[in-house]
>>> print(open('run_4.txt').read())   # compact mmCIF, C-alpha atoms
# COMPACT_ATOMS: atom_id res chain seq x y z
CA MET A 26 -5.60 -21.94 -0.84
CA ALA A 27 -7.04 -18.65 0.40
CA ASP A 28 -10.43 -17.40 -0.65
CA PRO A 29 -10.46 -15.50 -3.94
CA MET A 30 -10.20 -11.74 -4.15
CA ARG A 31 -13.03 -9.80 -5.64
CA ILE A 32 -11.83 -7.37 -8.24
CA ARG A 33 -14.03 -4.81 -9.99
CA ALA A 34 -12.44 -2.57 -12.58
CA ARG A 35 -14.06 0.10 -14.74
CA ALA A 36 -12.42 2.36 -17.29
CA ALA A 37 -13.37 5.91 -18.26
CA ASP A 38 -11.32 8.43 -20.26
CA GLY A 39 -8.28 6.16 -20.32
CA VAL A 40 -8.24 5.65 -16.55
CA ILE A 41 -9.03 2.35 -14.88
CA ASP A 42 -10.60 2.52 -11.43
CA ALA A 43 -9.97 -0.85 -9.76
CA ARG A 44 -11.42 -1.97 -6.45
CA VAL A 45 -10.13 -5.11 -4.79
CA LEU A 46 -11.48 -6.90 -1.74
CA MET A 47 -9.09 -9.52 -0.34
CA ALA A 48 -9.96 -12.23 2.15
CA HIS A 49 -7.38 -12.23 4.95
CA GLU A 50 -7.37 -12.12 8.75
CA MET A 51 -4.63 -9.45 9.00
CA GLU A 52 -3.78 -10.48 12.59
CA THR A 53 -1.68 -7.85 14.32
CA GLY A 54 0.14 -10.27 16.59
CA THR A 55 -0.94 -8.30 19.66
CA ARG A 56 -4.38 -9.81 20.16
CA LYS A 57 -5.00 -12.56 22.72
CA ASP A 58 -7.34 -15.45 22.08
CA ALA A 59 -9.96 -16.80 24.52
CA SER A 60 -7.35 -18.77 26.50
CA GLY A 61 -5.11 -15.73 26.89
CA LYS A 62 -2.47 -16.78 24.33
CA ILE A 63 -1.20 -14.24 21.84
CA VAL A 64 -2.52 -14.89 18.34
CA PRO A 65 0.55 -14.78 16.08
CA ALA A 66 0.85 -12.05 13.47
CA TRP A 67 -0.50 -13.13 10.11
CA PHE A 68 -0.89 -10.47 7.49
CA ILE A 69 -0.48 -9.61 3.84
CA GLN A 70 2.96 -8.06 3.42
CA GLU A 71 3.05 -7.34 -0.30
CA VAL A 72 0.57 -6.59 -3.02
CA THR A 73 1.36 -6.30 -6.71
CA CYS A 74 -1.07 -4.80 -9.22
CA GLN A 75 -0.67 -5.32 -12.95
CA VAL A 76 -2.48 -4.17 -16.06
CA ASN A 77 -2.04 -6.51 -19.05
CA GLY A 78 0.91 -8.15 -17.32
CA LYS A 79 2.80 -4.93 -16.60
CA THR A 80 3.24 -4.00 -12.95
CA VAL A 81 1.74 -0.57 -12.33
CA MET A 82 1.94 -0.50 -8.57
CA SER A 83 3.27 -2.57 -5.73
CA ALA A 84 2.66 -2.14 -2.04
CA GLN A 85 3.99 -3.31 1.30
CA TRP A 86 1.64 -3.46 4.25
CA ASP A 87 1.81 -4.09 7.95
CA PRO A 88 -0.99 -5.54 10.08
CA ALA A 89 -2.46 -2.06 10.61
CA VAL A 90 -4.34 -2.68 7.38
CA SER A 91 -7.90 -3.74 8.20
CA LYS A 92 -9.06 -7.34 8.10
CA ASN A 93 -10.30 -8.39 4.65
CA PRO A 94 -8.30 -5.61 3.03
CA PHE A 95 -9.88 -3.28 0.58
CA LEU A 96 -7.67 -1.55 -1.95
CA GLN A 97 -8.71 0.91 -4.59
CA PHE A 98 -6.18 2.03 -7.18
CA LYS A 99 -6.07 3.79 -10.51
CA ALA A 100 -4.14 2.92 -13.64
CA ARG A 101 -4.03 3.95 -17.28
CA GLY A 102 -6.03 1.63 -19.49
CA LYS A 103 -9.29 0.88 -21.19
CA ALA A 104 -12.17 -1.57 -21.23
CA GLY A 105 -11.01 -5.06 -22.09
CA ASP A 106 -7.65 -4.71 -20.34
CA LYS A 107 -6.77 -7.30 -17.72
CA VAL A 108 -6.12 -6.34 -14.12
CA THR A 109 -4.14 -8.86 -12.06
CA VAL A 110 -3.57 -8.56 -8.32
CA THR A 111 -1.20 -10.75 -6.28
CA TRP A 112 -0.71 -10.74 -2.53
CA VAL A 113 1.91 -12.51 -0.42
CA ASP A 114 1.59 -12.83 3.34
CA ASN A 115 4.15 -13.21 6.11
CA ARG A 116 3.73 -16.99 6.05
CA GLY A 117 4.68 -17.05 2.37
CA GLU A 118 1.13 -17.85 1.28
CA LYS A 119 0.02 -16.09 -1.85
CA ARG A 120 -2.98 -15.52 -4.01
CA THR A 121 -3.38 -14.12 -7.52
CA ASP A 122 -6.67 -13.12 -9.07
CA GLU A 123 -7.56 -11.23 -12.21
CA ALA A 124 -10.47 -9.43 -13.78
CA SER A 125 -11.28 -7.76 -17.06
CA VAL A 126 -11.81 -4.04 -17.09
CA GLY A 127 -15.41 -3.13 -17.86
CA MET B 5 18.35 -10.50 -23.90
CA ASN B 6 18.26 -8.66 -20.60
CA VAL B 7 14.61 -7.63 -20.46
CA SER B 8 15.04 -5.50 -17.37
CA ARG B 9 17.72 -3.38 -19.08
CA ARG B 10 15.37 -2.81 -22.02
CA THR B 11 12.72 -1.70 -19.57
CA ALA B 12 15.17 0.76 -18.00
CA VAL B 13 16.12 2.27 -21.37
CA LYS B 14 12.44 2.63 -22.30
CA ALA B 15 11.86 4.42 -19.04
CA GLY B 16 14.24 7.11 -20.30
CA GLY B 17 14.84 9.38 -17.37
CA GLY B 18 13.53 6.70 -15.03
CA ALA B 19 16.93 5.08 -14.47
CA ALA B 20 17.15 6.28 -10.87
CA LEU B 21 13.65 5.02 -10.21
CA TYR B 22 14.54 1.72 -11.84
CA SER B 23 17.57 1.13 -9.63
CA ALA B 24 15.64 2.14 -6.52
CA LEU B 25 12.86 -0.26 -7.42
CA ALA B 26 15.31 -3.02 -8.37
CA SER B 27 16.97 -2.67 -4.98
CA ILE B 28 13.72 -3.53 -3.25
CA GLY B 29 13.06 -6.36 -5.65
CA PHE B 30 10.32 -4.62 -7.60
CA PHE B 31 11.27 -6.47 -10.75
CA ALA B 32 11.72 -9.82 -9.06
CA ALA B 33 9.86 -12.53 -10.89
CA ASN B 34 8.67 -13.97 -7.60
CA PRO B 35 7.04 -11.27 -5.46
CA ALA B 36 7.99 -13.21 -2.32
CA MET B 37 11.64 -12.39 -3.03
CA ALA B 38 11.15 -8.65 -2.47
CA ALA B 39 12.40 -7.87 1.01
CA TRP B 40 9.77 -6.50 3.32
CA LYS B 41 11.07 -3.17 4.60
CA LYS B 42 11.14 -4.07 8.26
CA ASP B 43 13.08 -0.98 9.32
CA TRP B 44 10.43 1.29 7.80
CA PHE B 45 7.64 -0.59 9.60
CA ASP B 46 9.48 -0.84 12.94
CA ALA B 47 9.96 2.91 13.39
CA LYS B 48 7.92 4.18 16.30
CA SER B 49 7.81 7.94 15.75
CA VAL B 50 7.50 10.27 12.81
CA PRO B 51 11.15 11.44 13.00
CA ASP B 52 12.35 7.80 13.27
CA THR B 53 10.22 6.81 10.29
CA LEU B 54 11.56 9.67 8.18
CA LYS B 55 15.09 8.66 9.16
CA ALA B 56 14.46 4.99 8.29
CA MET B 57 13.14 6.13 4.90
CA GLY B 58 16.33 8.12 4.33
CA ILE B 59 14.59 11.49 4.51
CA ALA B 60 16.65 14.36 5.90
CA GLY B 61 14.69 17.15 7.55
CA THR B 62 10.94 17.62 7.29
CA PRO B 63 9.29 17.07 3.92
CA ALA B 64 7.63 20.11 2.36
CA ALA B 65 3.90 20.49 1.83
CA GLY B 66 2.73 19.46 -1.64
CA ASP B 67 -0.32 18.83 -3.79
CA ILE B 68 -1.42 15.74 -1.87
CA THR B 69 -5.04 15.02 -1.00
CA ILE B 70 -5.97 12.80 1.94
CA THR B 71 -9.58 11.63 1.81
CA SER B 72 -10.95 10.25 5.04
CA PRO B 73 -13.83 10.78 7.43
CA ASP B 74 -13.26 13.42 10.12
CA ILE B 75 -14.78 10.99 12.61
CA ALA B 76 -14.50 7.21 12.26
CA GLU B 77 -16.97 5.26 14.30
CA ASN B 78 -15.21 1.95 13.90
CA GLY B 79 -11.46 2.15 14.42
CA ALA B 80 -11.05 -1.33 12.97
CA VAL B 81 -11.94 -0.13 9.49
CA VAL B 82 -11.06 3.46 8.67
CA PRO B 83 -11.05 4.33 4.96
CA VAL B 84 -8.14 6.55 3.92
CA GLY B 85 -7.44 7.68 0.39
CA ILE B 86 -4.29 9.43 -0.79
CA ALA B 87 -3.91 11.07 -4.17
CA SER B 88 -0.84 12.96 -5.33
CA LYS B 89 -0.86 15.52 -8.12
CA LEU B 90 2.90 15.99 -7.86
CA GLN B 91 4.81 15.27 -11.05
CA LYS B 92 6.68 11.96 -11.17
CA THR B 93 5.21 10.60 -7.95
CA GLU B 94 7.09 7.36 -7.22
CA MET B 95 5.94 6.44 -3.74
CA ILE B 96 3.17 7.14 -1.27
CA ALA B 97 3.42 6.03 2.37
CA LEU B 98 0.67 6.21 4.97
CA LEU B 99 1.50 6.67 8.65
CA VAL B 100 -0.98 6.56 11.51
CA GLU B 101 0.73 8.64 14.13
CA LYS B 102 -0.75 7.16 17.29
CA ASN B 103 -0.67 3.51 16.23
CA PRO B 104 1.88 1.25 17.98
CA ALA B 105 3.47 0.59 14.59
CA MET B 106 3.29 3.84 12.70
CA MET B 107 3.58 2.95 9.02
CA ALA B 108 0.47 1.18 7.78
CA GLY B 109 1.82 0.71 4.30
CA PHE B 110 3.47 2.24 1.29
CA TYR B 111 2.91 2.08 -2.45
CA GLU B 112 5.42 2.30 -5.27
CA PHE B 113 4.36 3.31 -8.74
CA ALA B 114 5.73 2.46 -12.16
CA SER B 115 6.78 5.48 -14.17
CA ASP B 116 3.51 6.31 -15.95
CA SER B 117 1.15 5.08 -13.25
CA LEU B 118 -1.46 7.09 -11.42
CA PRO B 119 -0.64 7.76 -7.76
CA ASP B 120 -4.12 7.50 -6.29
CA VAL B 121 -4.91 4.76 -3.78
CA SER B 122 -7.47 4.08 -1.12
CA MET B 123 -7.24 1.57 1.70
CA ARG B 124 -8.75 0.76 5.07
CA VAL B 125 -6.64 0.86 8.23
CA LYS B 126 -7.00 0.05 11.90
CA MET B 127 -6.62 3.01 14.21
CA GLY B 128 -6.14 2.43 17.92
CA GLN B 129 -7.24 5.94 18.85
CA SER B 130 -7.86 9.37 17.42
CA SER B 131 -4.75 10.39 15.55
CA ASP B 132 -3.27 12.24 12.63
CA VAL B 133 -2.77 10.25 9.47
CA ILE B 134 0.28 11.37 7.54
CA ALA B 135 0.97 10.85 3.86
CA ILE B 136 4.59 10.92 2.75
CA VAL B 137 5.07 11.21 -0.97
CA LYS B 138 8.26 10.83 -2.97
CA ALA B 139 8.05 12.72 -6.24
CA ASP B 140 10.89 13.40 -8.66
CA GLY B 141 13.41 12.38 -5.98
CA LYS B 142 12.07 14.81 -3.35
CA PHE B 143 9.81 14.17 -0.36
CA PHE B 144 6.53 15.86 0.53
CA MET B 145 4.09 15.42 3.36
CA ALA B 146 0.45 16.02 4.22
CA LYS B 147 -1.58 15.22 7.28
CA LYS B 148 -5.16 15.05 8.44
CA GLU B 149 -6.71 14.36 11.80
CA ILE B 150 -9.14 11.48 12.19
CA LYS B 151 -11.12 11.14 15.39
CA VAL B 152 -11.96 7.57 16.34
CA THR B 153 -14.84 6.78 18.66
CA LEU B 154 -14.03 3.05 19.08
CA GLY B 155 -10.39 1.98 18.80
CA GLY B 156 -9.59 -0.83 16.37
CA CYS B 157 -6.50 -2.76 17.38
CA GLY B 158 -8.43 -5.61 19.00
CA GLY B 159 -7.09 -4.83 22.46
>>> encode(input="run_4.txt", output="structure tokens")
Amino acid sequence: MADPMRIRARAADGVIDARVLMAHEMETGTRKDASGKIVPAWFIQEVTCQVNGKTVMSAQWDPAVSKNPFLQFKARGKAGDKVTVTWVDNRGEKRTDEASVG
Amino acid sequence: MNVSRRTAVKAGGGAALYSALASIGFFAANPAMAAWKKDWFDAKSVPDTLKAMGIAGTPAAGDITITSPDIAENGAVVPVGIASKLQKTEMIALLVEKNPAMMAGFYEFASDSLPDVSMRVKMGQSSDVIAIVKADGKFFMAKKEIKVTLGGCGG
């Protein structure tokens, strides 16, 4: 199971500002390792962001996204709401984490 | 009861958005079932990307703000933010023009969501970053140049 995401979410004036740090190599598939072999592409392809169980935003990425991806997004909501983020990578691995809005 | 139909009715005028999102599996219970848009990500030039996205002609300028450093010292981690003030923004895509694969990612928004995202991308070299926004069924575009002092594709 992948390392957990770190999610920090704060609300002000009905807007949630959520910052997510995901742990993932995001290999482009063009890099060579020490022995000269190509390191296969391994990257988060989809991200889904929900507030209180309702999807507010979903994303598709390619390996141009930096290693250990950072994502900041906004959503309508207030303190006490629950933010849930799910990612799925090109190997089919996935990770879901959640946080309460402060 | 068909929950997804109820969602579509609640969305009112969002029926077109609903069917577009359903076609990419937005409402799929299992996120892994949504098909990754390979043809969008495979396009190697701006015109090819626009064509893959189904955009005819060049998108107009619009109220789109790209937030990024003018000079990025580390091309492996370049922060880029895109915010759209256009009404009914449904989608924001980010292209890095000089990267080998141009589209870094795109975001789709539920009907009352806030289209304001920030991410970090790898840039192989100094390049324009281009935001393509779909709002109310029409496409808009903005771009900004980012100079990179150390390229970030690991090559």
>>> residues_around(input="run_4.txt", residues="Met30 of chain A", least_positions_apart="2", cutoff="10 Å", atoms="all atoms listed in the file", output="PyMOL selection string")
chain A and resi 27-28+32-33+45-49+93-95+110-112+120-124
>>> residues_around(input="run_4.txt", residues="segment 61-64 of chain B", least_positions_apart="4", cutoff="8 Å", atoms="all atoms listed in the file", output="ChimeraX atom specification")
/B:136,143-145
>>> interface_residues(input="run_4.txt", of="chain B", to="chain A", cutoff="8 Å", atoms="all atoms listed in the file", output="VMD selection string")
chain B and resid 30 35 to 36 40 to 41 45 80 to 82 105 107 to 114 116 to 127 157 to 159
>>> write_last_selection(input="run_4.txt", atoms="C-alpha atoms", output="PDB file, keeping the file's coordinate frame")
ATOM      1  CA  PHE B  30      10.320  -4.620  -7.600  1.00  0.00           C
ATOM      2  CA  PRO B  35       7.040 -11.270  -5.460  1.00  0.00           C
ATOM      3  CA  ALA B  36       7.990 -13.210  -2.320  1.00  0.00           C
ATOM      4  CA  TRP B  40       9.770  -6.500   3.320  1.00  0.00           C
ATOM      5  CA  LYS B  41      11.070  -3.170   4.600  1.00  0.00           C
ATOM      6  CA  PHE B  45       7.640  -0.590   9.600  1.00  0.00           C
ATOM      7  CA  ALA B  80     -11.050  -1.330  12.970  1.00  0.00           C
ATOM      8  CA  VAL B  81     -11.940  -0.130   9.490  1.00  0.00           C
ATOM      9  CA  VAL B  82     -11.060   3.460   8.670  1.00  0.00           C
ATOM     10  CA  ALA B 105       3.470   0.590  14.590  1.00  0.00           C
ATOM     11  CA  MET B 107       3.580   2.950   9.020  1.00  0.00           C
ATOM     12  CA  ALA B 108       0.470   1.180   7.780  1.00  0.00           C
ATOM     13  CA  GLY B 109       1.820   0.710   4.300  1.00  0.00           C
ATOM     14  CA  PHE B 110       3.470   2.240   1.290  1.00  0.00           C
ATOM     15  CA  TYR B 111       2.910   2.080  -2.450  1.00  0.00           C
ATOM     16  CA  GLU B 112       5.420   2.300  -5.270  1.00  0.00           C
ATOM     17  CA  PHE B 113       4.360   3.310  -8.740  1.00  0.00           C
ATOM     18  CA  ALA B 114       5.730   2.460 -12.160  1.00  0.00           C
ATOM     19  CA  ASP B 116       3.510   6.310 -15.950  1.00  0.00           C
ATOM     20  CA  SER B 117       1.150   5.080 -13.250  1.00  0.00           C
ATOM     21  CA  LEU B 118      -1.460   7.090 -11.420  1.00  0.00           C
ATOM     22  CA  PRO B 119      -0.640   7.760  -7.760  1.00  0.00           C
ATOM     23  CA  ASP B 120      -4.120   7.500  -6.290  1.00  0.00           C
ATOM     24  CA  VAL B 121      -4.910   4.760  -3.780  1.00  0.00           C
ATOM     25  CA  SER B 122      -7.470   4.080  -1.120  1.00  0.00           C
ATOM     26  CA  MET B 123      -7.240   1.570   1.700  1.00  0.00           C
ATOM     27  CA  ARG B 124      -8.750   0.760   5.070  1.00  0.00           C
ATOM     28  CA  VAL B 125      -6.640   0.860   8.230  1.00  0.00           C
ATOM     29  CA  LYS B 126      -7.000   0.050  11.900  1.00  0.00           C
ATOM     30  CA  MET B 127      -6.620   3.010  14.210  1.00  0.00           C
ATOM     31  CA  CYS B 157      -6.500  -2.760  17.380  1.00  0.00           C
ATOM     32  CA  GLY B 158      -8.430  -5.610  19.000  1.00  0.00           C
ATOM     33  CA  GLY B 159      -7.090  -4.830  22.460  1.00  0.00           C
TER      34      GLY B 159
END
>>> closest_residue(input="run_4.txt", among="B:Trp44, B:Leu90, B:Asp132, B:Met106", to="Gly58 of chain B", atoms="only C-alpha atoms")
B:Trp44
>>> atom_distance(input="run_4.txt", atom1="atom CA of Ala76 of chain B", atom2="atom CA of Lys151 of chain B")
6.1 Å
>>> atom_distance(input="run_4.txt", atom1="atom CA of Lys42 of chain B", atom2="atom CA of Leu54 of chain B")
13.7 Å
>>> residues_around(input="run_4.txt", residues="Val126 of chain A", least_positions_apart="3", cutoff="6 Å", atoms="only C-alpha atoms", output="ChimeraX atom specification")
/A:34-35,104-106
>>> closest_residue(input="run_4.txt", among="B:Ile134, B:Ala139, B:Ala47, B:Ala39", to="Leu98 of chain B", atoms="only C-alpha atoms")
B:Ile134
>>> atom_distance(input="run_4.txt", atom1="atom CA of Gly61 of chain A", atom2="atom CA of Asn78 of chain B")
24.2 Å
>>> decode(input="run_4.txt", residues="segment 98-155 of chain B", atoms="C-alpha atoms", output="JSON list (two decimals), in the first residue's frame")
[["chain", "number", "residue", "atom", "x", "y", "z"],
["B", 98, "LEU", "CA", -2.45, 22.50, -18.80],
["B", 99, "LEU", "CA", -0.02, 22.10, -21.69],
["B", 100, "VAL", "CA", 3.74, 22.57, -21.51],
["B", 101, "GLU", "CA", 4.59, 23.45, -25.06],
["B", 102, "LYS", "CA", 8.18, 22.25, -25.25],
["B", 103, "ASN", "CA", 7.74, 19.02, -23.27],
["B", 104, "PRO", "CA", 7.95, 15.75, -25.24],
["B", 105, "ALA", "CA", 4.38, 14.99, -24.16],
["B", 106, "MET", "CA", 2.56, 18.28, -24.21],
["B", 107, "MET", "CA", -0.47, 17.86, -21.95],
["B", 108, "ALA", "CA", 0.56, 17.61, -18.31],
["B", 109, "GLY", "CA", -2.97, 17.13, -17.10],
["B", 110, "PHE", "CA", -6.54, 18.30, -17.14],
["B", 111, "TYR", "CA", -9.21, 18.88, -14.52],
["B", 112, "GLU", "CA", -12.96, 18.50, -14.79],
["B", 113, "PHE", "CA", -15.27, 20.30, -12.42],
["B", 114, "ALA", "CA", -18.71, 19.45, -11.10],
["B", 115, "SER", "CA", -21.32, 22.08, -11.87],
["B", 116, "ASP", "CA", -20.96, 24.34, -8.81],
["B", 117, "SER", "CA", -17.27, 23.76, -8.20],
["B", 118, "LEU", "CA", -14.53, 26.36, -8.16],
["B", 119, "PRO", "CA", -12.14, 26.15, -11.12],
["B", 120, "ASP", "CA", -8.91, 27.05, -9.36],
["B", 121, "VAL", "CA", -6.09, 24.52, -9.18],
["B", 122, "SER", "CA", -2.38, 24.52, -8.61],
["B", 123, "MET", "CA", 0.07, 21.75, -9.43],
["B", 124, "ARG", "CA", 3.77, 21.14, -9.96],
["B", 125, "VAL", "CA", 5.08, 19.99, -13.34],
["B", 126, "LYS", "CA", 8.34, 18.89, -14.88],
["B", 127, "MET", "CA", 9.61, 21.14, -17.64],
["B", 128, "GLY", "CA", 12.40, 19.91, -19.89],
["B", 129, "GLN", "CA", 13.35, 23.41, -21.00],
["B", 130, "SER", "CA", 12.13, 26.99, -21.06],
["B", 131, "SER", "CA", 8.70, 26.97, -22.62],
["B", 132, "ASP", "CA", 5.26, 28.49, -22.72],
["B", 133, "VAL", "CA", 2.67, 26.90, -20.49],
["B", 134, "ILE", "CA", -0.79, 27.01, -22.00],
["B", 135, "ALA", "CA", -4.09, 26.77, -20.17],
["B", 136, "ILE", "CA", -7.09, 25.60, -22.16],
["B", 137, "VAL", "CA", -10.40, 26.18, -20.47],
["B", 138, "LYS", "CA", -13.82, 24.88, -21.47],
["B", 139, "ALA", "CA", -16.57, 27.13, -20.17],
["B", 140, "ASP", "CA", -20.24, 26.99, -21.08],
["B", 141, "GLY", "CA", -19.42, 24.72, -24.04],
["B", 142, "LYS", "CA", -16.82, 27.10, -25.54],
["B", 143, "PHE", "CA", -13.02, 26.98, -25.39],
["B", 144, "PHE", "CA", -10.61, 29.66, -24.20],
["B", 145, "MET", "CA", -6.87, 29.81, -23.91],
["B", 146, "ALA", "CA", -4.15, 31.65, -22.01],
["B", 147, "LYS", "CA", -0.40, 31.29, -22.01],
["B", 148, "LYS", "CA", 2.63, 32.34, -20.04],
["B", 149, "GLU", "CA", 6.32, 31.86, -20.59],
["B", 150, "ILE", "CA", 8.40, 30.11, -17.95],
["B", 151, "LYS", "CA", 12.16, 30.13, -18.25],
["B", 152, "VAL", "CA", 13.86, 27.06, -16.80],
["B", 153, "THR", "CA", 17.49, 27.13, -15.76],
["B", 154, "LEU", "CA", 17.83, 23.36, -15.13],
["B", 155, "GLY", "CA", 15.62, 21.02, -17.18]]
